[in-house]
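A quick write-up on the structure given underneath.
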Number of protein chains: 2
Amino acid sequence: MADVAAEAHVSVKTVSRVVNREPGVRPDTEARVRAVIERIGFSRNGGGHALLTRTQTIGLVIEDLANPFYSQLGAAVEREARIRRYQLITASAEGSPTRQRGILKGLVARRVDGIVIVPADDVPATDPALVATGTPVVYVDRPVRGEAADIIVSDNAGGVRSAVEHLVAHGHRRIGFLGDLPDYWTARRRREAFVDILASLDLPGEPRVAMGPHTDDSLATVLAGWCRGRDPVTAVITGNNRVTLTVLHALRRADLRLALVGYDDFEFADLVDPPVTVVHQDPGALGQKAAQQLFGRLLGDESPPHTVVMPTRLIVRSSGRVPATAPAGAPPAGPRSPRRT
Amino acid sequence: MADVAAEAHVSVKTVSRVVNREPGVRPDTEARVRAVIERIGFSRNGGGHALLTRTQTIGLVIEDLANPFYSQLGAAVEREARIRRYQLITASAEGSPTRQRGILKGLVARRVDGIVIVPADDVPATDPALVATGTPVVYVDRPVRGEAADIIVSDNAGGVRSAVEHLVAHGHRRIGFLGDLPDYWTARRRREAFVDILASLDLPGEPRVAMGPHTDDSLATVLAGWCRGRDPVTAVITGNNRVTLTVLHALRRADLRLALVGYDDFEFADLVDPPVTVVHQDPGALGQKAAQQLFGRLLGDESPPHTVVMPTRLIVRSSGRVPATAPAGAPPAGPRSPRRT
DNA sequence: TTGAAAGCGCTACCAA
DNA sequence: TTGGTAGCGCTTTCAA
């Protein structure tokens, strides 16, 4: 900025005014300054600026960027940030609370203006490091214990309920639940909801539940077990997109055909055979809502913290339909239709 | 830092030394300072630090965080960054060169130490705004025109070749190519490779090529057309993961059964019926390589810029196999096995 | 082993 | 309409 000032024969303050579009600069002065800026390719150092004002940066702490659920959530947060000329620092904790704390420390050190976080189990709302700085934080996908906080979660109990009710309506009485690691709050929450709902529906027998970690093999064993003996399981509900993927492999491996409702929608759900009915929670909506809430705080919204529960939606696929690939009566036309290779 | 200094009865400089683990501080002094830091919850303001040194931040500019290809690439870059205690600013250009330029300006203003970017078509290696700052840039997934630069791309021609050869080996003679928008360099590159390879193999007739934008409907029409008349297409190759998804829908809609090789692997490729053979390019490896190259530059690597071409791998699924869901001779056992609902 | 002072690039405040 | 000065939080240099 000093360089620009010297070249344009004005003071630093005037350059600052031009850069920040502050009023009170004569048009010809402004033009001269802008010309110099253009010529020497000046760009304001955000660091110096941030020292006096805001960093115009928010942090996003998620579990794993490579998981479509989180990347969609992240894309939404990023879009909200870009609209407001904010930049987004993304970091994945990959299931480690320690790493999550490290990430938070880093974000605080960067003096981000706000944080959207998928909190690990042991990050309380009153994390001293955060509270001290007064950085606004919005928790998403999972709540935090302790003080009131801005929380955006999806309706886990409702989602599980819609899955169970759908299956029951189709005549299933023995339904199993396959959850992810009980380390995850959402996994526990959905398991709990499952058990409660089964109880309220007066279905016979003990609920069958298996939590992660699952592998294709381990699940195949579990499922085979559930299908043996008297009153075998006829349908399963998964706890999230990762489990759904594993279950589909396991079903194939064990050569089982069970009714399935997956938690989380996925792009190829209608292309799998048979198509997979899912509980859809919109990660984009979750992220957008969280970002909007955060920017609200940054704009001075001082209303009491509140929790938003986003609805889930059951997407029914293939209900009763016979899979298109195995037409009951009509063999594929033609002498030998080419197969995908 | 001044606060800490006052509380600990030392100078600011001494606190700085402790924070940065510089030698030459008496153990008891250090202990005293650390105690105060702990007590008042001090954390160094990265902004002030960055003014004198580096920001310890890199930027990642991609097309769309919600696309699994880019989110996996991003996850890899992020991991490399985290290992080095760097933070990552992510931004999606969403196909707009203008937006990409805006993003770059923002990153330069933030004084990121380096940038990994999936360049839009008209961002030359000699982008003045970038070159002026001397910020190291690594281009990934697509090259840039102009001066030599660090570029990590995957072996697009090789990938397409492996797809074509695979199909030809299975007896296909009429193969179509379905590419994404020709605005994308990768889309053009793969089309070009496709045409070249067909020519080199002496396959009969003009190559059938259709570039995006595609919808389920438009593709269904295109494919139906290709399958009519004398010498119909018997196999298609897609240009990327998005096209693959659309093609699968279109095939279903038009009730066609064509051999298919998809560009880009996807999680459910083996669960679709029939399973989808794909050209796998490892987005994580691409991102990791790019990040490593970038950090090499940050560590002072002054070797001439170079281009790395990452190999692709053909993942054959279901070759010749009859889909498990339509067993030729044996109808499903049991009176009526439960279906997924 | 410790500290004082200057300055990184910018904005806030007040004066001209 | 314009500019000077102080200071944001930190590191660097040099002196004690």
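Chain labels A, B, ... are given in the sequence in which chains occur in the structure tokens; within each chain residues are numbered consecutively from 1, and ligands are likewise numbered from 1 in the order shown.
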Can you check which parts of chain D lie within 12 Å of chain A? Per residue, the shortest pair of atoms and distance in Å to one decimal, counting only C-alpha atoms (C1' of nucleotides), sorted by chain and number, as a tab-separated table.
residue	atom	partner	partner_atom	distance
D:DT1	C1'	A:Val25	CA	6.2
D:DT2	C1'	A:Thr14	CA	7.2
D:DG3	C1'	A:Ser11	CA	6.1
D:DG4	C1'	A:Ser11	CA	9.0
D:DT5	C1'	A:Lys13	CA	11.2
D:DG7	C1'	A:Leu52	CA	9.5
D:DC8	C1'	A:Leu51	CA	5.3
D:DG9	C1'	A:Leu51	CA	7.6
D:DC10	C1'	A:Leu51	CA	10.4
For chain C, report every residue with an atom at most 7 Å from chain A (counting only C-alpha atoms (C1' of nucleotides)), formatted as a tab-separated table (two decimals) with N, CA and C atoms (P, O5', C5', C4', C3', O3' and C1' of nucleotides), in the first residue's frame.
chain	number	residue	atom	x	y	z
C	9	DG	P	5.09	-5.07	4.16
C	9	DG	O5'	3.53	-4.86	4.39
C	9	DG	C5'	2.68	-5.99	4.39
C	9	DG	C4'	1.30	-5.53	4.78
C	9	DG	C3'	0.76	-4.35	3.96
C	9	DG	O3'	-0.54	-4.67	3.50
C	9	DG	C1'	0.58	-3.88	6.25
C	10	DC	P	-1.40	-3.65	2.68
C	10	DC	O5'	-2.37	-3.07	3.82
C	10	DC	C5'	-3.42	-3.90	4.32
C	10	DC	C4'	-3.86	-3.40	5.66
C	10	DC	C3'	-4.73	-2.15	5.67
C	10	DC	O3'	-6.09	-2.57	5.53
C	10	DC	C1'	-3.16	-2.18	7.48
C	11	DT	P	-7.17	-1.43	5.29
C	11	DT	O5'	-7.45	-0.90	6.78
C	11	DT	C5'	-8.00	-1.77	7.73
C	11	DT	C4'	-8.17	-1.05	9.05
C	11	DT	C3'	-9.18	0.10	9.04
C	11	DT	O3'	-9.87	0.04	10.28
C	11	DT	C1'	-7.10	0.91	9.77
Return as an NGL selection string the full set of residues in segment 75-318 of chain A whose backbone-based DSSP assignment is strand (DSSP E).
:A and (87-92 or 114-117 or 137-140 or 150-154 or 175-178 or 208-210 or 235-238 or 259-263 or 277-280 or 307-310 or 313-315)
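Here atom CA of Leu88 of chain A and atom CA of Gln56 of chain A stand 8.9 Å from one another.
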Between atom CA of Asn156 of chain B and atom CA of Thr90 of chain A, what is the distance, to one decimal in Å?
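Computing it gives 29.4 Å between the two atoms.
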Please provide as a PDB file with N, CA, C and O atoms, in the first residue's frame all residues within 8 Å of Pro182 of chain A, with the sequence filter that same-chain residues fewer than 4 positions apart are discarded (counting only C-alpha atoms (C1' of nucleotides)).
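After the write, part-v9.pdb holds the following:
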ATOM      1  N   ALA A 187     -24.918 -42.726  15.553  1.00  0.00           N
ATOM      2  CA  ALA A 187     -25.083 -44.179  15.558  1.00  0.00           C
ATOM      3  C   ALA A 187     -25.858 -44.617  16.793  1.00  0.00           C
ATOM      4  O   ALA A 187     -26.791 -45.415  16.717  1.00  0.00           O
ATOM      5  N   ARG A 188     -25.474 -44.071  17.924  1.00  0.00           N
ATOM      6  CA  ARG A 188     -26.165 -44.435  19.168  1.00  0.00           C
ATOM      7  C   ARG A 188     -27.613 -43.949  19.149  1.00  0.00           C
ATOM      8  O   ARG A 188     -28.527 -44.662  19.538  1.00  0.00           O
ATOM      9  N   MET A 211     -23.785 -53.239  16.143  1.00  0.00           N
ATOM     10  CA  MET A 211     -23.068 -51.993  15.869  1.00  0.00           C
ATOM     11  C   MET A 211     -21.683 -52.308  15.306  1.00  0.00           C
ATOM     12  O   MET A 211     -21.176 -53.414  15.465  1.00  0.00           O
ATOM     13  N   GLY A 212     -21.070 -51.307  14.682  1.00  0.00           N
ATOM     14  CA  GLY A 212     -19.796 -51.486  14.012  1.00  0.00           C
ATOM     15  C   GLY A 212     -18.653 -51.648  14.982  1.00  0.00           C
ATOM     16  O   GLY A 212     -18.866 -51.637  16.178  1.00  0.00           O
TER      17      GLY A 212
END
Please provide as a list in words all residues within 7 Å of segment 271-284 of chain A, with the sequence filter that same-chain residues fewer than 3 positions apart are discarded (counting only C-alpha atoms (C1' of nucleotides)).
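After dropping sequence-adjacent residues, the list is Phe69, Gln72, Leu73, Ala76, Ser154, Gly159, Ala163, Leu260, Val261, Gly262, Tyr263, Asp264, Asp265, Phe268, Gly287, Gln288, Thr312, Arg313, Leu314, Ile315, Val316, Arg317, Ser318 and Pro323 of chain A; Leu271, Val272, Asp273, Arg340 and Thr341 of chain B.
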Pick out the residues sitting within 7 Å of Thr307 of chain A, and hand them over as a VMD selection string; count only C-alpha atoms (C1' of nucleotides), and ignore anything fewer than 5 positions along from it in its own chain.
chain A and resid 150 to 152
Test item, helix (DSSP H, G or I) assignment across segment 67-270 of chain B, answer as an MDAnalysis selection string:
chainID B and resid 68:83 97:109 128:133 156:169 185:201 216:227 241:253
Which residue of B:Asp216, B:Asp155, B:Asp183, B:Glu267 approaches chain A most closely, using only C-alpha atoms
B:Glu267
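Across the model, the gap from atom CA of Gly74 of chain A to atom CA of Ala285 of chain A is 10.5 Å.
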